[in-house]
>>> print(open('run_32.cif').read())   # mmCIF, C-alpha atoms
data_start
loop_
_atom_site.label_atom_id
_atom_site.label_comp_id
_atom_site.auth_asym_id
_atom_site.auth_seq_id
_atom_site.Cartn_x
_atom_site.Cartn_y
_atom_site.Cartn_z
CA MET A 1 -39.74 -13.91 -11.16
CA PRO A 2 -37.93 -12.08 -8.38
CA THR A 3 -39.37 -12.47 -4.88
CA VAL A 4 -38.71 -8.82 -4.01
CA GLU A 5 -37.76 -5.99 -6.31
CA LEU A 6 -36.45 -2.61 -5.15
CA ARG A 7 -35.57 0.64 -6.88
CA PHE A 8 -33.92 3.47 -5.01
CA ALA A 9 -32.44 6.89 -5.80
CA ALA A 10 -28.64 6.93 -5.98
CA LEU A 11 -28.06 8.26 -2.43
CA PRO A 12 -25.63 6.67 0.07
CA GLY A 13 -28.29 6.72 2.81
CA HIS A 14 -30.46 4.27 0.89
CA VAL A 15 -27.77 1.59 0.79
CA ARG A 16 -28.59 0.72 4.38
CA THR A 17 -32.26 0.33 3.45
CA ALA A 18 -31.29 -2.09 0.68
CA ARG A 19 -29.14 -4.04 3.15
CA MET A 20 -31.96 -4.30 5.66
CA ILE A 21 -34.40 -5.51 3.00
CA ALA A 22 -31.91 -8.13 1.77
CA THR A 23 -31.42 -9.28 5.37
CA ALA A 24 -35.16 -9.50 6.00
CA VAL A 25 -35.92 -11.33 2.76
CA SER A 26 -33.08 -13.84 3.20
CA ARG A 27 -34.12 -14.50 6.80
CA ARG A 28 -37.70 -15.09 5.73
CA ALA A 29 -36.45 -17.43 2.99
CA GLY A 30 -34.80 -19.58 5.67
CA VAL A 31 -31.22 -18.88 4.54
CA PRO A 32 -28.67 -20.17 7.12
CA VAL A 33 -27.61 -17.48 9.63
CA GLY A 34 -23.97 -17.40 8.46
CA ALA A 35 -25.02 -16.71 4.89
CA ILE A 36 -27.37 -13.90 5.96
CA ASP A 37 -24.37 -11.88 7.22
CA GLU A 38 -22.59 -12.49 3.90
CA ILE A 39 -25.66 -11.46 1.92
CA LYS A 40 -26.03 -8.28 3.98
CA LEU A 41 -22.41 -7.23 3.39
CA ALA A 42 -22.25 -8.23 -0.29
CA VAL A 43 -25.54 -6.49 -1.11
CA GLY A 44 -24.27 -3.38 0.71
CA GLU A 45 -21.04 -3.42 -1.33
CA ALA A 46 -22.80 -3.96 -4.65
CA CYS A 47 -25.35 -1.20 -3.90
CA ALA A 48 -22.68 1.24 -2.67
CA ARG A 49 -20.79 0.65 -5.90
CA ALA A 50 -23.93 1.14 -8.00
CA VAL A 51 -24.72 4.40 -6.14
CA ARG A 52 -21.20 5.71 -6.87
CA VAL A 53 -21.47 4.77 -10.55
CA ASN A 54 -24.90 6.37 -10.99
CA ARG A 55 -23.93 9.55 -9.19
CA ARG A 56 -21.02 9.95 -11.56
CA SER A 57 -22.67 8.93 -14.84
CA ASN A 58 -26.40 9.28 -14.44
CA PRO A 59 -27.44 10.84 -11.10
CA GLN A 60 -31.18 10.77 -11.84
CA ALA A 61 -31.17 7.03 -12.48
CA PHE A 62 -32.31 4.59 -9.81
CA VAL A 63 -30.37 1.61 -8.56
CA HIS A 64 -32.29 -1.59 -9.16
CA VAL A 65 -32.15 -4.63 -6.86
CA GLU A 66 -33.85 -8.00 -7.38
CA LEU A 67 -33.92 -10.66 -4.68
CA THR A 68 -34.96 -14.19 -5.61
CA ASP A 69 -35.10 -17.24 -3.40
CA THR A 70 -35.53 -20.82 -4.54
CA PRO A 71 -35.19 -24.02 -2.48
CA GLU A 72 -31.56 -24.33 -3.64
CA SER A 73 -30.30 -20.78 -3.78
CA PHE A 74 -30.64 -17.11 -2.89
CA ARG A 75 -29.89 -14.72 -5.73
CA VAL A 76 -29.39 -10.96 -5.69
CA VAL A 77 -29.06 -8.90 -8.88
CA VAL A 78 -27.91 -5.27 -8.59
CA SER A 79 -28.05 -3.04 -11.69
CA ASP A 80 -26.70 0.46 -12.23
CA SER A 81 -27.06 2.89 -15.14
CA GLY A 82 -23.43 3.77 -15.61
CA ALA A 83 -21.33 3.83 -18.75
CA ALA A 84 -18.91 1.16 -19.93
CA GLY A 85 -15.66 1.43 -18.01
CA ASP A 86 -17.29 2.38 -14.70
CA GLU A 87 -15.41 0.36 -12.10
CA ILE A 88 -16.73 -2.87 -13.48
CA ALA A 89 -18.02 -3.06 -16.97
CA PRO A 90 -18.05 -5.77 -19.58
CA GLY A 91 -14.95 -6.34 -21.65
CA PRO A 92 -14.31 -4.48 -24.90
CA ASP A 93 -16.01 -7.17 -26.95
CA GLY A 94 -19.13 -6.95 -24.81
CA GLY A 95 -18.39 -10.33 -23.27
CA LEU A 96 -17.91 -11.04 -19.61
CA LEU A 97 -14.75 -10.21 -17.78
CA SER A 98 -13.53 -12.79 -15.32
CA VAL A 99 -13.92 -11.85 -11.68
CA ASP A 100 -10.12 -12.00 -11.32
CA ALA A 101 -9.75 -9.43 -14.06
CA LEU A 102 -12.49 -7.29 -12.55
CA LEU A 103 -10.82 -7.33 -9.20
CA ASP A 104 -7.47 -6.65 -10.81
CA LEU A 105 -6.12 -9.35 -8.54
CA GLY A 106 -2.49 -9.28 -7.63
CA GLU A 107 -2.46 -5.51 -7.42
CA GLY A 108 -5.93 -4.09 -6.89
CA ALA A 109 -7.30 -6.57 -4.40
CA GLU A 110 -4.79 -5.46 -1.82
CA PRO A 111 -4.27 -1.87 -0.78
CA ASP A 112 -1.17 -0.20 -2.06
CA LEU A 113 1.01 -0.82 0.97
CA ALA A 114 3.92 1.11 -0.50
CA ALA A 115 1.78 4.23 -0.55
CA ILE A 116 1.03 4.02 3.17
CA GLY A 117 3.31 6.22 5.19
CA VAL A 118 5.18 7.62 2.21
CA PRO A 119 5.58 11.36 2.84
CA GLY A 120 3.75 13.52 0.36
CA THR A 121 1.37 10.75 -0.64
CA GLU A 122 -2.13 12.03 -1.22
CA VAL A 123 -3.89 10.64 1.86
CA ASP A 124 -7.37 10.95 0.45
CA GLN A 125 -6.73 8.73 -2.52
CA PRO A 126 -9.63 6.37 -2.73
CA LEU A 127 -8.75 2.76 -2.15
CA PRO A 128 -8.69 0.60 -5.22
CA SER A 129 -12.29 -0.05 -6.18
CA GLY A 130 -11.23 -3.68 -6.08
CA LEU A 131 -11.54 -3.63 -2.29
CA GLY A 132 -15.34 -3.71 -2.34
CA LEU A 133 -15.28 -6.24 -5.13
CA ALA A 134 -12.75 -8.35 -3.26
CA LEU A 135 -15.28 -8.49 -0.43
CA ILE A 136 -18.06 -9.51 -2.82
CA GLU A 137 -15.83 -12.19 -4.33
CA GLY A 138 -14.94 -13.48 -0.87
CA LEU A 139 -18.55 -13.61 0.32
CA VAL A 140 -20.57 -14.87 -2.61
CA ASP A 141 -20.69 -18.45 -3.92
CA GLU A 142 -21.03 -17.32 -7.54
CA VAL A 143 -20.58 -13.85 -9.04
CA ALA A 144 -21.43 -12.92 -12.61
CA VAL A 145 -21.08 -9.48 -14.15
CA ARG A 146 -22.63 -8.45 -17.44
CA ARG A 147 -23.63 -5.42 -19.45
CA GLY A 148 -27.14 -4.15 -18.77
CA GLN A 149 -30.01 -4.12 -21.24
CA ASP A 150 -29.32 -2.04 -24.36
CA GLY A 151 -25.69 -1.83 -23.33
CA ILE A 152 -26.42 0.59 -20.46
CA GLY A 153 -24.96 0.00 -17.06
CA THR A 154 -23.55 -3.04 -15.33
CA VAL A 155 -25.42 -5.94 -13.77
CA VAL A 156 -23.86 -7.75 -10.80
CA GLU A 157 -25.47 -11.10 -10.12
CA MET A 158 -24.65 -12.83 -6.83
CA THR A 159 -25.80 -16.34 -5.93
CA TRP A 160 -25.57 -18.25 -2.67
CA HIS A 161 -26.20 -22.00 -2.67
CA THR A 162 -28.32 -22.38 0.42
CA ALA A 163 -29.52 -25.99 0.23
CA GLU A 164 -28.17 -28.19 3.03
CA PRO A 165 -25.71 -30.79 1.74
CA GLU A 166 -27.28 -34.27 1.76
CA GLU A 167 -24.83 -35.81 4.22
CA ASP A 168 -25.55 -33.11 6.80
CA ALA A 169 -29.28 -33.48 6.46
CA ASP A 170 -29.10 -37.24 6.98
CA LEU A 171 -26.92 -38.10 9.98
CA ASP A 172 -26.12 -41.77 10.38
CA SER A 173 -26.54 -43.48 13.75
CA ALA A 174 -22.87 -42.94 14.72
CA GLY A 175 -23.33 -39.25 13.97
CA TYR A 176 -26.39 -39.09 16.19
CA ALA A 177 -24.55 -40.85 19.01
CA ALA A 178 -21.65 -38.39 18.80
CA LEU A 179 -24.04 -35.46 18.71
CA ALA A 180 -25.99 -36.79 21.71
CA ALA A 181 -22.74 -37.22 23.65
CA GLN A 182 -21.74 -33.66 22.82
CA ILE A 183 -25.08 -32.28 23.98
CA ALA A 184 -24.94 -34.33 27.18
CA GLY A 185 -21.38 -33.09 27.79
CA SER A 186 -22.27 -29.44 27.40
CA ALA A 187 -25.34 -29.87 29.62
CA ARG A 188 -23.15 -31.30 32.38
CA ARG A 189 -20.70 -28.41 32.10
CA GLU A 190 -23.52 -25.92 32.39
CA GLY A 191 -25.05 -27.74 35.37
CA MET B 1 -28.46 1.88 14.13
CA ASP B 2 -26.32 4.90 13.37
CA LEU B 3 -22.64 5.42 14.07
CA SER B 4 -21.50 6.39 17.57
CA LEU B 5 -18.08 7.84 18.36
CA THR B 6 -16.43 8.66 21.68
CA THR B 7 -12.78 9.39 22.42
CA ARG B 8 -10.68 9.27 25.56
CA GLN B 9 -7.04 9.81 26.39
CA GLU B 10 -4.91 6.93 27.75
CA GLY B 11 -1.43 8.30 28.40
CA THR B 12 0.11 9.10 25.02
CA HIS B 13 -2.69 7.30 23.18
CA THR B 14 -6.15 8.35 22.11
CA VAL B 15 -8.77 5.61 22.21
CA VAL B 16 -11.61 6.01 19.71
CA VAL B 17 -14.60 3.87 20.63
CA VAL B 18 -16.76 3.18 17.59
CA GLY B 19 -20.24 1.68 17.75
CA GLY B 20 -23.01 0.90 15.28
CA GLU B 21 -22.69 0.74 11.52
CA ILE B 22 -19.73 2.03 9.49
CA ASP B 23 -20.90 2.17 5.90
CA VAL B 24 -20.96 4.39 2.83
CA TYR B 25 -23.37 6.73 4.66
CA THR B 26 -21.75 6.99 8.10
CA ALA B 27 -18.05 6.55 7.20
CA PRO B 28 -17.53 10.29 6.51
CA LYS B 29 -18.20 10.96 10.24
CA LEU B 30 -15.44 8.58 11.27
CA ARG B 31 -13.13 10.10 8.65
CA GLU B 32 -13.73 13.59 10.10
CA GLN B 33 -13.09 12.34 13.62
CA LEU B 34 -9.75 10.79 12.63
CA ILE B 35 -8.71 13.90 10.68
CA ASP B 36 -9.62 16.12 13.66
CA LEU B 37 -7.56 13.98 16.04
CA VAL B 38 -4.49 14.01 13.81
CA SER B 39 -4.86 17.77 13.24
CA ALA B 40 -4.94 18.22 17.02
CA GLY B 41 -1.68 16.31 17.35
CA SER B 42 -2.96 12.85 18.37
CA TYR B 43 -0.75 10.53 16.35
CA HIS B 44 -1.16 7.33 18.38
CA LEU B 45 -4.67 6.00 17.95
CA VAL B 46 -6.41 2.87 19.19
CA VAL B 47 -9.74 2.27 17.45
CA ASP B 48 -11.98 0.07 19.59
CA MET B 49 -14.35 -1.73 17.21
CA GLU B 50 -16.00 -4.09 19.69
CA GLY B 51 -19.30 -2.20 19.39
CA VAL B 52 -19.29 -2.17 15.57
CA GLU B 53 -22.25 -4.04 14.13
CA PHE B 54 -21.51 -3.54 10.47
CA LEU B 55 -18.43 -2.57 8.47
CA ASP B 56 -18.12 -2.21 4.69
CA SER B 57 -15.30 -1.34 2.30
CA THR B 58 -15.96 2.40 2.72
CA GLY B 59 -15.23 1.97 6.43
CA LEU B 60 -12.07 0.01 5.63
CA GLY B 61 -11.02 2.86 3.35
CA VAL B 62 -11.46 5.39 6.17
CA LEU B 63 -9.33 3.28 8.53
CA VAL B 64 -6.58 2.96 5.91
CA GLY B 65 -6.78 6.75 5.36
CA GLY B 66 -6.38 7.24 9.12
CA LEU B 67 -3.37 4.92 9.15
CA LYS B 68 -1.74 6.91 6.34
CA ARG B 69 -2.30 10.14 8.27
CA VAL B 70 -0.75 8.96 11.55
CA ARG B 71 2.15 7.27 9.75
CA ALA B 72 2.94 10.61 8.12
CA HIS B 73 3.64 11.79 11.71
CA GLU B 74 5.40 8.55 12.71
CA GLY B 75 2.32 7.61 14.69
CA SER B 76 0.33 4.39 14.94
CA LEU B 77 -3.21 3.12 14.49
CA ARG B 78 -4.16 -0.08 16.26
CA LEU B 79 -7.50 -1.84 16.14
CA VAL B 80 -9.34 -3.69 18.88
CA CYS B 81 -11.66 -6.37 17.54
CA THR B 82 -12.66 -9.89 18.54
CA GLN B 83 -15.86 -10.19 16.51
CA GLU B 84 -15.44 -12.95 13.95
CA ARG B 85 -17.70 -11.38 11.34
CA ILE B 86 -15.70 -8.12 11.42
CA LEU B 87 -12.31 -9.91 11.49
CA LYS B 88 -13.41 -11.89 8.42
CA ILE B 89 -13.73 -8.63 6.47
CA PHE B 90 -10.13 -7.68 7.29
CA ARG B 91 -8.97 -11.16 6.29
CA ILE B 92 -10.79 -11.27 2.96
CA THR B 93 -9.32 -7.91 1.93
CA GLY B 94 -5.80 -8.69 3.12
CA LEU B 95 -5.89 -5.83 5.63
CA THR B 96 -4.85 -8.05 8.55
CA LYS B 97 -1.35 -7.47 7.15
CA VAL B 98 -1.79 -3.71 7.41
CA PHE B 99 -3.41 -3.20 10.83
CA PRO B 100 -2.24 -4.55 14.17
CA ILE B 101 -5.43 -6.11 15.59
CA HIS B 102 -5.74 -6.67 19.34
CA SER B 103 -8.21 -8.47 21.57
CA SER B 104 -8.53 -5.63 24.09
CA VAL B 105 -7.68 -1.95 24.53
CA GLU B 106 -5.23 -2.95 27.29
CA ASP B 107 -3.41 -5.28 24.85
CA ALA B 108 -3.24 -2.55 22.23
CA LEU B 109 -1.83 -0.05 24.72
CA ALA B 110 0.68 -2.58 26.10
CA ALA B 111 1.86 -3.43 22.56
CA SER B 112 2.56 0.23 21.92
CA ASP B 113 5.01 0.61 24.76
#
>>> encode(input="run_32.cif", output="structure tokens")
Amino acid sequence: MPTVELRFAALPGHVRTARMIATAVSRRAGVPVGAIDEIKLAVGEACARAVRVNRRSNPQAFVHVELTDTPESFRVVVSDSGAAGDEIAPGPDGGLLSVDALLDLGEGAEPDLAAIGVPGTEVDQPLPSGLGLALIEGLVDEVAVRRGQDGIGTVVEMTWHTAEPEEDADLDSAGYAALAAQIAGSARREG
Amino acid sequence: MDLSLTTRQEGTHTVVVVGGEIDVYTAPKLREQLIDLVSAGSYHLVVDMEGVEFLDSTGLGVLVGGLKRVRAHEGSLRLVCTQERILKIFRITGLTKVFPIHSSVEDALAASD
């Protein structure tokens, strides 16, 4: 069961609302501060993408977001109502595309540098859609993309592993001594 | 927080100070500002991003669009940013290779000379 579920009309202004909710829910779940920034940005990218897809294919349809926290992970699922082939969609056989293929890595993940500064180049060309997805890929521990229910739309599932690694949670005595020395050192500098 | 934009002239350069959130909703404002500046003949831009609290791929797209516009006039677009969470976004997307990024407006202006 998701912890928080959100549906919003496909308008760019609501993406910020979705970001703020994801930030608030992850903070409440005790997610480490560094990961909260990543969640905020990745959720924003996934929702912005879903808004674009819906506005093109199915403007009346809502974007659907599910946020789930467990002791080990924080998971966000963003679903659109687009058609197959919209930016990211499952492969022709209905199976999953790899993230590399989705991002069109090698070409799409980086902006077309050759196009920059070339006279006569259409300056308003949108960047490769891979840019937003490159961000998601760079921010999220695990990304999965699949076709939505009944073959409608695309589901982007993003998971962060938030549990503290064992060794960090259980400092040995040498670790404590080093930490205490560090704290003492910084206290002296401040004083 | 919404997007805030102010501009000032520094010799041959125009400094655009951006604050707040640059996202899919607010990025069109920044795009318009950059287009207006280039239309008015300002081809050497320094975008000060120290007050930016949030930046997404739409914002990156607007900055790349601005770079294309000034380059068409043999101009330049330099960024000022020291915030790690914003720099990370440029690194992940490979855009650190596209934009000169400086630690202060003074540095950016000095590099242009």
>>> resolve_selection(input="run_32.cif", expression="the PyMOL selection byres ((chain B) within 8 of (chain A))", output="VMD selection string")
chain B and resid 23 to 25 55 to 58 61 65 67 to 69 71 to 72 85 89 92 to 95 98
>>> residues_around(input="run_32.cif", residues="stretch 73-77 of chain A", least_positions_apart="2", cutoff="9 Å", atoms="all atoms listed in the file", output="PDB file with C-alpha atoms, keeping the file's coordinate frame")
ATOM      1  CA  PRO A   2     -37.930 -12.080  -8.380  1.00  0.00           C
ATOM      2  CA  ALA A  22     -31.910  -8.130   1.770  1.00  0.00           C
ATOM      3  CA  SER A  26     -33.080 -13.840   3.200  1.00  0.00           C
ATOM      4  CA  ALA A  29     -36.450 -17.430   2.990  1.00  0.00           C
ATOM      5  CA  VAL A  31     -31.220 -18.880   4.540  1.00  0.00           C
ATOM      6  CA  ILE A  39     -25.660 -11.460   1.920  1.00  0.00           C
ATOM      7  CA  VAL A  43     -25.540  -6.490  -1.110  1.00  0.00           C
ATOM      8  CA  HIS A  64     -32.290  -1.590  -9.160  1.00  0.00           C
ATOM      9  CA  VAL A  65     -32.150  -4.630  -6.860  1.00  0.00           C
ATOM     10  CA  GLU A  66     -33.850  -8.000  -7.380  1.00  0.00           C
ATOM     11  CA  LEU A  67     -33.920 -10.660  -4.680  1.00  0.00           C
ATOM     12  CA  THR A  68     -34.960 -14.190  -5.610  1.00  0.00           C
ATOM     13  CA  ASP A  69     -35.100 -17.240  -3.400  1.00  0.00           C
ATOM     14  CA  THR A  70     -35.530 -20.820  -4.540  1.00  0.00           C
ATOM     15  CA  PRO A  71     -35.190 -24.020  -2.480  1.00  0.00           C
ATOM     16  CA  SER A  79     -28.050  -3.040 -11.690  1.00  0.00           C
ATOM     17  CA  VAL A 155     -25.420  -5.940 -13.770  1.00  0.00           C
ATOM     18  CA  VAL A 156     -23.860  -7.750 -10.800  1.00  0.00           C
ATOM     19  CA  GLU A 157     -25.470 -11.100 -10.120  1.00  0.00           C
ATOM     20  CA  MET A 158     -24.650 -12.830  -6.830  1.00  0.00           C
ATOM     21  CA  THR A 159     -25.800 -16.340  -5.930  1.00  0.00           C
ATOM     22  CA  TRP A 160     -25.570 -18.250  -2.670  1.00  0.00           C
ATOM     23  CA  HIS A 161     -26.200 -22.000  -2.670  1.00  0.00           C
ATOM     24  CA  THR A 162     -28.320 -22.380   0.420  1.00  0.00           C
ATOM     25  CA  ALA A 163     -29.520 -25.990   0.230  1.00  0.00           C
TER      26      ALA A 163
END
>>> atom_distance(input="run_32.cif", atom1="atom CA of B:Ser104", atom2="atom CA of B:Val80")
5.6 Å
>>> residues_near_point(input="run_32.cif", point="(-14.2, -11.3, 12.5)", cutoff="12 Å", atoms="only C-alpha atoms", output="ChimeraX atom specification")
/A:37 /B:49-50,52-55,80-92,96,101-103
>>> residues_around(input="run_32.cif", residues="stretch 41-43 of chain B", least_positions_apart="4", cutoff="7 Å", atoms="all atoms listed in the file", output="list of chain:residue names")
B:Thr14, B:Leu37, B:Val70, B:His73, B:Gly75, B:Ser76
>>> write_last_selection(input="run_32.cif", atoms="C-alpha atoms", output="PDB file, keeping the file's coordinate frame")
ATOM      1  CA  THR B  14      -6.150   8.350  22.110  1.00  0.00           C
ATOM      2  CA  LEU B  37      -7.560  13.980  16.040  1.00  0.00           C
ATOM      3  CA  VAL B  70      -0.750   8.960  11.550  1.00  0.00           C
ATOM      4  CA  HIS B  73       3.640  11.790  11.710  1.00  0.00           C
ATOM      5  CA  GLY B  75       2.320   7.610  14.690  1.00  0.00           C
ATOM      6  CA  SER B  76       0.330   4.390  14.940  1.00  0.00           C
TER       7      SER B  76
END
>>> resolve_selection(input="run_32.cif", expression="the PyMOL selection byres ((chain B and resi 46) around 7)", output="CSV table (one decimal) with C-alpha atoms, in the frame of the given file")
chain,number,residue,atom,x,y,z
B,14,THR,CA,-6.2,8.4,22.1
B,15,VAL,CA,-8.8,5.6,22.2
B,16,VAL,CA,-11.6,6.0,19.7
B,44,HIS,CA,-1.2,7.3,18.4
B,45,LEU,CA,-4.7,6.0,18.0
B,47,VAL,CA,-9.7,2.3,17.4
B,48,ASP,CA,-12.0,0.1,19.6
B,77,LEU,CA,-3.2,3.1,14.5
B,78,ARG,CA,-4.2,-0.1,16.3
B,79,LEU,CA,-7.5,-1.8,16.1
B,108,ALA,CA,-3.2,-2.6,22.2
>>> resolve_selection(input="run_32.cif", expression="the PyMOL selection byres ((chain B and resi 6) around 7)", output="PyMOL selection string")
chain B and resi 4-5+7-8+16-18
>>> closest_residue(input="run_32.cif", among="B:His13, B:Ala40, B:Gly51, B:Leu3", to="B:Ala111", atoms="all atoms listed in the file")
B:His13
>>> closest_residue(input="run_32.cif", among="A:Val63, A:Arg28, A:Thr3, A:Ser57", to="A:Ala83", atoms="only C-alpha atoms")
A:Ser57
